[in-house]
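Undergrad: Take this structure first; my questions come after.
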Amino acid sequence: MPPSPHPPAFALRGPYLTSFGDPFLDGVEATRRYESDGVVVVADGKIADAGPARQVLGRLPEGTPVERLPRATLLAPGFVDCHVHYAQLAVIASHGTELLDWLDRYTFPSERASAQPRHARALARRFFDLALAGGTTTAAVFCTVHATSAAALFAEAARRGVRTVAGKVLMDRNAPRDLCDSAQRGYDESKALIGRWHGRGRLGYAITPRFAPTSTPAQLEAAGALWREHPDCWVQSHLSEHPREIAWVRQLFPRARDYVDVYARHGLLGRRAIYGHGVHLAERELAALAASGTSLAHCPTSNLFLGSGLFDWKRVKKRGRHVRTGLATDVGGGTSLSMLSTLAEAYKVARLRGRSLSPGELFHLATRGGAEALDLQQRVGGIAPGLEADLLLLDLKATPLLAQRMRYAASLDDALFALIMLGDDRAVRATWVAGRVVHRREPA
Ligand code: GUN
Ligand code: ZN
């Protein structure tokens with residue numbers, strides 16, 4: 001069932017923060033807006049107005065109720081998780097070794113159960129409960145190979161009105177037989193799902209070859225053909241995550257120049273294509289991604305958990321050859337659905353590469369940066385008139401440790417950084433989706 005009609009217009013008054021450009025290119029101060037006493041007006045599921053209270057209150061339509069936000073909170077755009085496997089909630093935090101072993105031992109066997117619509121529906125409900133509680137209001141989601149898994153996720157997203165990009169996984173080799181489709185079947189099922197769900201309300205379809213090793217060239221070709229037939233769909237997959245995986249791709253596709261070229265040859269690069277990981281990319285590969293407008297999803301908790309490697313911002317965000325990059329939890333290779341926790345790990349991964357991501361850069365990554373990586377910046381990822389009213393209220397004193405740290409916060413960035421390093425879903429006091437409250441947490 002679609003959500004009921006939008007609630008009447010209302011306004012929220014308190015401090016808010018939003019990014020509206022790319023701090024990696026133009027610096028933080030030129031690309032963000034902080035209002036210490038702001039008002040955000042919501043009408044018809046969208047942000048109707050936003051700015052300093054002294055300006056916005058004067059032009060507020062008569063009768064609009066104004067809710068004062070609690071002290072020590074910060075209003076922000078909802079988080080954008082650019083790459084997550086909802087069915088892997090069943091295997092998050094499973095002990096093992098590296099990527100390919102983890103796929104064989106846990107991931108593939110657990111994905112079997114999603115053939116059952118009841119199981120898939122229950123997982124989809126839990127996924128959205130947890131994601132929204134953590135402040136994530138937009139996600140790019142991998143389903144399993146089963147069309148039922150994608151249908152369950154889309155139905156739940158539609159019921160809750162959550163902006164969601166998702167697709168059934170395509171895999172026709174190098175996986176258990178009963179978990180494989182075929183080039184034709186994968187194409188047919190994806191096409192039917194596109195017809196049923198793509199563009200319906202806030203839903204978008206992502207053509208989802210799992211990764212090059214589990215698709216034959218014929219299947220990648222079919223995926224490329226499908227994208228040409230539906231160019232406003234998304235493409236999502238994995239790329240250059242672990243050295244063993246990369247060596248395997250080289251064996252399986254001896255004619256390709258490198259991993260990126262495998263996807264390029266099958267017409268799978270371009271705007272609205274987003275690839276998870278990109279940890280070990282060569283210069284040529286980065287240049288090809290940048291030139292084609294292809295995006296990356298950085299998955300720090302997953303890269304640490306599976307020991308895949310350290311994402312390198314210096315190489316990805318080079319001036320003149322700049323790859324749009326969002327942040328992602330990659331559950332269940334990733335170990336948290338919280339984008340705040342994921343930001344903290346992104347910071348640490350960058351430190352190990354000799355770079356200190358600034359609080360403003362981190363905040364951008366989880367919001368506007370993710371929206372740009374998914375080509376959704378006209379719809380979500382910020383607080384500005386015309387954008388969809390996906391919002392969250394961050395609690396700067398959510399835990400005793402955070403509260404004590406905030407006593408010493410010397411600036412907005414100091415407070416924001418402490419929140420990122422110490423916060424998780426406990427720091428999300430409320431979440432709004434298209435102007436409707438979908439999660440509230442009582443203060444500790
Ligand atoms: N590569 C192919 N499939 C997967 C997956 O499910 N998780 C991760 N992290 N990497 C993959
Ligand atoms: Zn993944």
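The way I read the labels, and the way they are meant: chains A, B, ... in the order of the structure tokens, residue 1 as the first residue of every chain, and ligand 1 as the first ligand shown, with later ones counted on from there.
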Within 9 Å of ligand 1, counting only C-alpha atoms and all ligand atoms: which residues, as an MDAnalysis selection string?
TA: chainID A and resid 84:85 88 99:100 102:103 107:108 142 210:214 237:239 241:242 245 276:277 299 302:303 306 308 330:334
Undergrad: Show me, as a PDB file with N, CA and C atoms, in the first residue's frame, the residues that have an atom within 9 Å of Arg54 of chain A when counting only C-alpha atoms, minus same-chain residues fewer than 3 positions from it.
TA:
```pdb
ATOM      1  N   ASP A  37      20.387  29.317  13.699  1.00  0.00           N
ATOM      2  CA  ASP A  37      18.960  29.418  14.021  1.00  0.00           C
ATOM      3  C   ASP A  37      18.222  29.372  12.686  1.00  0.00           C
ATOM      4  N   GLY A  38      17.982  28.167  12.215  1.00  0.00           N
ATOM      5  CA  GLY A  38      17.389  28.000  10.891  1.00  0.00           C
ATOM      6  C   GLY A  38      15.930  27.587  10.969  1.00  0.00           C
ATOM      7  N   VAL A  39      15.251  27.741   9.849  1.00  0.00           N
ATOM      8  CA  VAL A  39      13.890  27.203   9.724  1.00  0.00           C
ATOM      9  C   VAL A  39      13.812  26.442   8.408  1.00  0.00           C
ATOM     10  N   GLY A  51      16.200  28.507   5.485  1.00  0.00           N
ATOM     11  CA  GLY A  51      17.106  29.638   5.641  1.00  0.00           C
ATOM     12  C   GLY A  51      17.127  30.093   7.086  1.00  0.00           C
ATOM     13  N   LEU A  57      10.793  33.055   8.769  1.00  0.00           N
ATOM     14  CA  LEU A  57       9.567  33.221   9.565  1.00  0.00           C
ATOM     15  C   LEU A  57       8.696  34.340   8.994  1.00  0.00           C
ATOM     16  N   GLY A  58       9.332  35.366   8.454  1.00  0.00           N
ATOM     17  CA  GLY A  58       8.598  36.497   7.897  1.00  0.00           C
ATOM     18  C   GLY A  58       7.800  36.134   6.655  1.00  0.00           C
TER      19      GLY A  58
END
```
Undergrad: So that I can see what lies close to segment 129-131 of chain A, please list as a list in words the residues with an atom at most 10 Å from it, counting only C-alpha atoms and leaving out residues fewer than 6 positions away in the same chain.
TA: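 Surrounding residues, per the criterion: Phe79, Asp81, Tyr86, Leu123, Thr137, Thr138, Ala139, Ser336, Leu337, Ser338, Met339, Asp425, Val438 and His439 of chain A.
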Undergrad: Would you please work out which residue, of A:Leu269, A:Ala282, A:Ala72, A:Ala157, is nearest to Leu132 of chain A when using only C-alpha atoms?
TA: A:Ala157
Undergrad: Measuring between only C-alpha atoms and all ligand atoms, which one of A:Trp432, A:Phe305, A:Phe311, A:Tyr275 shows the shortest distance to ligand 2?
TA: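 Closest to ligand 2, using only C-alpha atoms and all ligand atoms: A:Tyr275.
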Undergrad: Please identify which residues in segment 129-176 of chain A DSSP calls helix (DSSP H, G or I) from the backbone, and express them as a ChimeraX atom specification.
TA: /A:129-133,147-160
Undergrad: Generate a file of the selected residues that holds N, CA and C atoms, formatted as a compact mmCIF listing (two decimals), in the first residue's frame.
TA:
```txt
# COMPACT_ATOMS: atom_id res chain seq x y z
N ASP A 129 13.54 -0.91 8.77
CA ASP A 129 13.49 -0.49 10.19
C ASP A 129 14.87 -0.03 10.65
N LEU A 130 15.87 -0.84 10.36
CA LEU A 130 17.23 -0.55 10.86
C LEU A 130 17.86 0.62 10.12
N ALA A 131 17.68 0.66 8.81
CA ALA A 131 18.29 1.74 8.03
C ALA A 131 17.71 3.09 8.46
N LEU A 132 16.40 3.17 8.58
CA LEU A 132 15.76 4.44 8.95
C LEU A 132 16.13 4.84 10.38
N ALA A 133 16.27 3.86 11.25
CA ALA A 133 16.68 4.17 12.63
C ALA A 133 18.10 4.74 12.66
N ALA A 147 13.96 -13.05 -8.26
CA ALA A 147 13.09 -11.90 -8.53
C ALA A 147 12.21 -11.60 -7.31
N THR A 148 11.88 -12.64 -6.55
CA THR A 148 11.05 -12.44 -5.34
C THR A 148 11.74 -11.50 -4.36
N SER A 149 13.05 -11.59 -4.30
CA SER A 149 13.81 -10.76 -3.36
C SER A 149 13.70 -9.28 -3.74
N ALA A 150 13.79 -9.01 -5.04
CA ALA A 150 13.66 -7.61 -5.49
C ALA A 150 12.22 -7.13 -5.30
N ALA A 151 11.27 -7.97 -5.63
CA ALA A 151 9.86 -7.57 -5.48
C ALA A 151 9.54 -7.24 -4.02
N ALA A 152 10.07 -8.05 -3.10
CA ALA A 152 9.80 -7.82 -1.67
C ALA A 152 10.39 -6.49 -1.23
N LEU A 153 11.60 -6.20 -1.68
CA LEU A 153 12.24 -4.95 -1.28
C LEU A 153 11.50 -3.74 -1.84
N PHE A 154 11.16 -3.79 -3.13
CA PHE A 154 10.46 -2.67 -3.75
C PHE A 154 9.09 -2.45 -3.08
N ALA A 155 8.40 -3.54 -2.79
CA ALA A 155 7.07 -3.39 -2.18
C ALA A 155 7.19 -2.71 -0.82
N GLU A 156 8.20 -3.09 -0.05
CA GLU A 156 8.36 -2.50 1.28
C GLU A 156 8.79 -1.03 1.17
N ALA A 157 9.68 -0.74 0.23
CA ALA A 157 10.12 0.66 0.02
C ALA A 157 8.92 1.51 -0.41
N ALA A 158 8.08 0.97 -1.28
CA ALA A 158 6.90 1.71 -1.75
C ALA A 158 5.94 1.96 -0.59
N ARG A 159 5.76 0.95 0.23
CA ARG A 159 4.84 1.08 1.37
C ARG A 159 5.30 2.21 2.29
N ARG A 160 6.63 2.35 2.43
CA ARG A 160 7.14 3.36 3.37
C ARG A 160 7.49 4.68 2.69
```
Undergrad: So how far away is atom CA of Pro443 of chain A from atom CA of Leu402 of chain A, in Å?
TA: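 About the pair atom CA of Leu402 of chain A and atom CA of Pro443 of chain A: they are 12.7 Å apart.
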Undergrad: Using only C-alpha atoms and all ligand atoms, can you tell me which of A:Ala256, A:Cys82, A:Val316, A:Leu387 comes closest to ligand 2?
TA: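 Using only C-alpha atoms and all ligand atoms, ligand 2 sits closest to A:Cys82.
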Undergrad: Segment 20-30 of chain A: which residues within 12 Å, counting only C-alpha atoms, same-chain residues fewer than 5 positions away excluded, as an mmCIF file with N, CA, C and O atoms, in the first residue's frame?
TA:
```cif
data_model
loop_
_atom_site.group_PDB
_atom_site.id
_atom_site.type_symbol
_atom_site.label_atom_id
_atom_site.label_comp_id
_atom_site.auth_asym_id
_atom_site.auth_seq_id
_atom_site.Cartn_x
_atom_site.Cartn_y
_atom_site.Cartn_z
ATOM 1 N N PRO A 77 20.310 16.536 6.252
ATOM 2 C CA PRO A 77 19.632 15.713 5.248
ATOM 3 C C PRO A 77 19.768 14.248 5.624
ATOM 4 O O PRO A 77 20.754 13.855 6.261
ATOM 5 N N TRP A 313 41.856 8.089 -1.276
ATOM 6 C CA TRP A 313 41.193 9.320 -1.729
ATOM 7 C C TRP A 313 42.098 10.164 -2.606
ATOM 8 O O TRP A 313 41.619 10.853 -3.506
ATOM 9 N N LYS A 314 43.390 10.129 -2.313
ATOM 10 C CA LYS A 314 44.303 10.993 -3.087
ATOM 11 C C LYS A 314 44.236 10.655 -4.565
ATOM 12 O O LYS A 314 44.332 11.520 -5.421
ATOM 13 N N VAL A 316 41.644 8.966 -6.067
ATOM 14 C CA VAL A 316 40.277 8.993 -6.608
ATOM 15 C C VAL A 316 39.796 10.416 -6.876
ATOM 16 O O VAL A 316 39.035 10.665 -7.803
ATOM 17 N N LYS A 317 40.239 11.344 -6.058
ATOM 18 C CA LYS A 317 39.745 12.723 -6.175
ATOM 19 C C LYS A 317 40.809 13.658 -6.731
ATOM 20 O O LYS A 317 40.924 14.792 -6.280
ATOM 21 N N LYS A 318 41.578 13.186 -7.676
ATOM 22 C CA LYS A 318 42.604 14.041 -8.264
ATOM 23 C C LYS A 318 41.948 15.087 -9.157
ATOM 24 O O LYS A 318 41.005 14.785 -9.880
ATOM 25 N N ARG A 319 42.452 16.316 -9.071
ATOM 26 C CA ARG A 319 41.851 17.378 -9.885
ATOM 27 C C ARG A 319 41.984 17.054 -11.371
ATOM 28 O O ARG A 319 43.020 16.559 -11.808
ATOM 29 N N GLY A 320 40.901 17.263 -12.093
ATOM 30 C CA GLY A 320 40.928 17.011 -13.525
ATOM 31 C C GLY A 320 40.630 15.550 -13.873
ATOM 32 O O GLY A 320 40.456 15.217 -15.032
ATOM 33 N N ARG A 321 40.608 14.711 -12.849
ATOM 34 C CA ARG A 321 40.313 13.295 -13.110
ATOM 35 C C ARG A 321 39.635 12.748 -11.858
ATOM 36 O O ARG A 321 40.144 11.916 -11.142
ATOM 37 N N HIS A 322 38.419 13.248 -11.706
ATOM 38 C CA HIS A 322 37.770 13.183 -10.413
ATOM 39 C C HIS A 322 36.601 12.206 -10.498
ATOM 40 O O HIS A 322 35.728 12.343 -11.334
ATOM 41 N N VAL A 323 36.622 11.169 -9.676
ATOM 42 C CA VAL A 323 35.568 10.148 -9.732
ATOM 43 C C VAL A 323 34.541 10.445 -8.645
ATOM 44 O O VAL A 323 34.887 10.537 -7.464
ATOM 45 N N ARG A 324 33.288 10.614 -9.065
ATOM 46 C CA ARG A 324 32.221 10.833 -8.074
ATOM 47 C C ARG A 324 32.174 9.645 -7.124
ATOM 48 O O ARG A 324 32.154 8.494 -7.573
ATOM 49 N N THR A 325 32.151 9.911 -5.831
ATOM 50 C CA THR A 325 32.231 8.817 -4.865
ATOM 51 C C THR A 325 31.272 9.044 -3.707
ATOM 52 O O THR A 325 31.264 10.111 -3.101
ATOM 53 N N GLY A 326 30.495 8.022 -3.426
ATOM 54 C CA GLY A 326 29.621 8.057 -2.257
ATOM 55 C C GLY A 326 30.121 7.089 -1.206
ATOM 56 O O GLY A 326 31.130 6.395 -1.394
ATOM 57 N N LEU A 357 40.457 13.223 6.278
ATOM 58 C CA LEU A 357 39.211 13.790 5.740
ATOM 59 C C LEU A 357 38.666 14.778 6.770
ATOM 60 O O LEU A 357 38.631 14.473 7.963
ATOM 61 N N SER A 358 38.248 15.949 6.314
ATOM 62 C CA SER A 358 37.762 16.958 7.259
ATOM 63 C C SER A 358 36.319 16.627 7.650
ATOM 64 O O SER A 358 35.623 15.888 6.937
ATOM 65 N N PRO A 359 35.858 17.189 8.773
ATOM 66 C CA PRO A 359 34.458 16.950 9.168
ATOM 67 C C PRO A 359 33.488 17.320 8.048
ATOM 68 O O PRO A 359 32.507 16.611 7.817
ATOM 69 N N GLY A 360 33.773 18.410 7.355
ATOM 70 C CA GLY A 360 32.881 18.836 6.268
ATOM 71 C C GLY A 360 32.892 17.844 5.108
ATOM 72 O O GLY A 360 31.856 17.567 4.501
ATOM 73 N N GLU A 361 34.068 17.328 4.788
ATOM 74 C CA GLU A 361 34.149 16.322 3.709
ATOM 75 C C GLU A 361 33.398 15.055 4.106
ATOM 76 O O GLU A 361 32.680 14.452 3.292
ATOM 77 N N LEU A 362 33.547 14.658 5.360
ATOM 78 C CA LEU A 362 32.862 13.443 5.817
ATOM 79 C C LEU A 362 31.346 13.620 5.757
ATOM 80 O O LEU A 362 30.624 12.757 5.236
ATOM 81 N N PHE A 363 30.866 14.738 6.273
ATOM 82 C CA PHE A 363 29.426 15.007 6.266
ATOM 83 C C PHE A 363 28.892 14.984 4.824
ATOM 84 O O PHE A 363 27.838 14.412 4.536
ATOM 85 N N HIS A 364 29.644 15.596 3.937
ATOM 86 C CA HIS A 364 29.263 15.611 2.518
ATOM 87 C C HIS A 364 29.139 14.183 1.970
ATOM 88 O O HIS A 364 28.176 13.862 1.266
ATOM 89 N N LEU A 365 30.122 13.346 2.290
ATOM 90 C CA LEU A 365 30.122 11.982 1.740
ATOM 91 C C LEU A 365 28.852 11.216 2.069
ATOM 92 O O LEU A 365 28.343 10.457 1.242
ATOM 93 N N THR A 367 25.934 12.420 2.648
ATOM 94 C CA THR A 367 24.691 13.094 2.240
ATOM 95 C C THR A 367 24.737 13.454 0.747
ATOM 96 O O THR A 367 24.483 12.606 -0.104
ATOM 97 N N ARG A 368 25.139 14.672 0.456
ATOM 98 C CA ARG A 368 25.155 15.151 -0.933
ATOM 99 C C ARG A 368 26.098 14.326 -1.826
ATOM 100 O O ARG A 368 25.814 14.098 -2.997
ATOM 101 N N GLY A 369 27.227 13.892 -1.268
ATOM 102 C CA GLY A 369 28.184 13.109 -2.057
ATOM 103 C C GLY A 369 27.546 11.810 -2.546
ATOM 104 O O GLY A 369 27.728 11.414 -3.699
ATOM 105 N N GLY A 370 26.789 11.167 -1.672
ATOM 106 C CA GLY A 370 26.096 9.936 -2.068
ATOM 107 C C GLY A 370 25.023 10.225 -3.099
ATOM 108 O O GLY A 370 24.840 9.476 -4.067
ATOM 109 N N ALA A 371 24.305 11.334 -2.897
ATOM 110 C CA ALA A 371 23.263 11.705 -3.859
ATOM 111 C C ALA A 371 23.882 11.952 -5.232
ATOM 112 O O ALA A 371 23.357 11.497 -6.261
ATOM 113 N N GLU A 372 25.044 12.627 -5.267
ATOM 114 C CA GLU A 372 25.713 12.866 -6.559
ATOM 115 C C GLU A 372 26.182 11.557 -7.178
ATOM 116 O O GLU A 372 26.085 11.351 -8.390
ATOM 117 N N ALA A 373 26.707 10.675 -6.354
ATOM 118 C CA ALA A 373 27.202 9.398 -6.882
ATOM 119 C C ALA A 373 26.070 8.597 -7.518
ATOM 120 O O ALA A 373 26.296 7.821 -8.438
ATOM 121 N N GLN A 377 21.127 14.116 -7.006
ATOM 122 C CA GLN A 377 21.333 15.371 -6.279
ATOM 123 C C GLN A 377 20.212 16.380 -6.518
ATOM 124 O O GLN A 377 20.072 17.326 -5.753
ATOM 125 N N GLN A 378 19.410 16.175 -7.572
ATOM 126 C CA GLN A 378 18.253 17.074 -7.787
ATOM 127 C C GLN A 378 17.092 16.705 -6.876
ATOM 128 O O GLN A 378 16.065 17.394 -6.853
ATOM 129 N N VAL A 380 17.535 14.465 -3.578
ATOM 130 C CA VAL A 380 17.833 14.215 -2.160
ATOM 131 C C VAL A 380 19.265 14.642 -1.843
ATOM 132 O O VAL A 380 20.022 15.063 -2.713
ATOM 133 N N GLY A 381 19.610 14.522 -0.577
ATOM 134 C CA GLY A 381 21.003 14.739 -0.162
ATOM 135 C C GLY A 381 21.273 16.119 0.406
ATOM 136 O O GLY A 381 22.395 16.414 0.796
ATOM 137 N N GLY A 382 20.250 16.986 0.450
ATOM 138 C CA GLY A 382 20.494 18.329 0.964
ATOM 139 C C GLY A 382 19.240 18.943 1.562
ATOM 140 O O GLY A 382 18.147 18.364 1.498
ATOM 141 N N ILE A 383 19.432 20.125 2.141
ATOM 142 C CA ILE A 383 18.301 20.903 2.656
ATOM 143 C C ILE A 383 18.241 22.174 1.829
ATOM 144 O O ILE A 383 19.051 23.095 2.014
ATOM 145 N N ALA A 384 17.334 22.187 0.875
ATOM 146 C CA ALA A 384 17.157 23.347 -0.001
ATOM 147 C C ALA A 384 15.784 23.221 -0.652
ATOM 148 O O ALA A 384 15.295 22.105 -0.854
ATOM 149 N N PRO A 385 15.165 24.371 -0.970
ATOM 150 C CA PRO A 385 13.829 24.322 -1.576
ATOM 151 C C PRO A 385 13.819 23.439 -2.820
ATOM 152 O O PRO A 385 14.739 23.489 -3.638
ATOM 153 N N LEU A 387 14.014 20.155 -2.908
ATOM 154 C CA LEU A 387 14.476 18.790 -2.606
ATOM 155 C C LEU A 387 13.415 18.059 -1.778
ATOM 156 O O LEU A 387 12.593 18.691 -1.105
ATOM 157 N N ASP A 413 32.755 22.376 13.533
ATOM 158 C CA ASP A 413 33.497 21.232 12.991
ATOM 159 C C ASP A 413 34.008 20.305 14.092
ATOM 160 O O ASP A 413 34.048 19.092 13.908
#
```
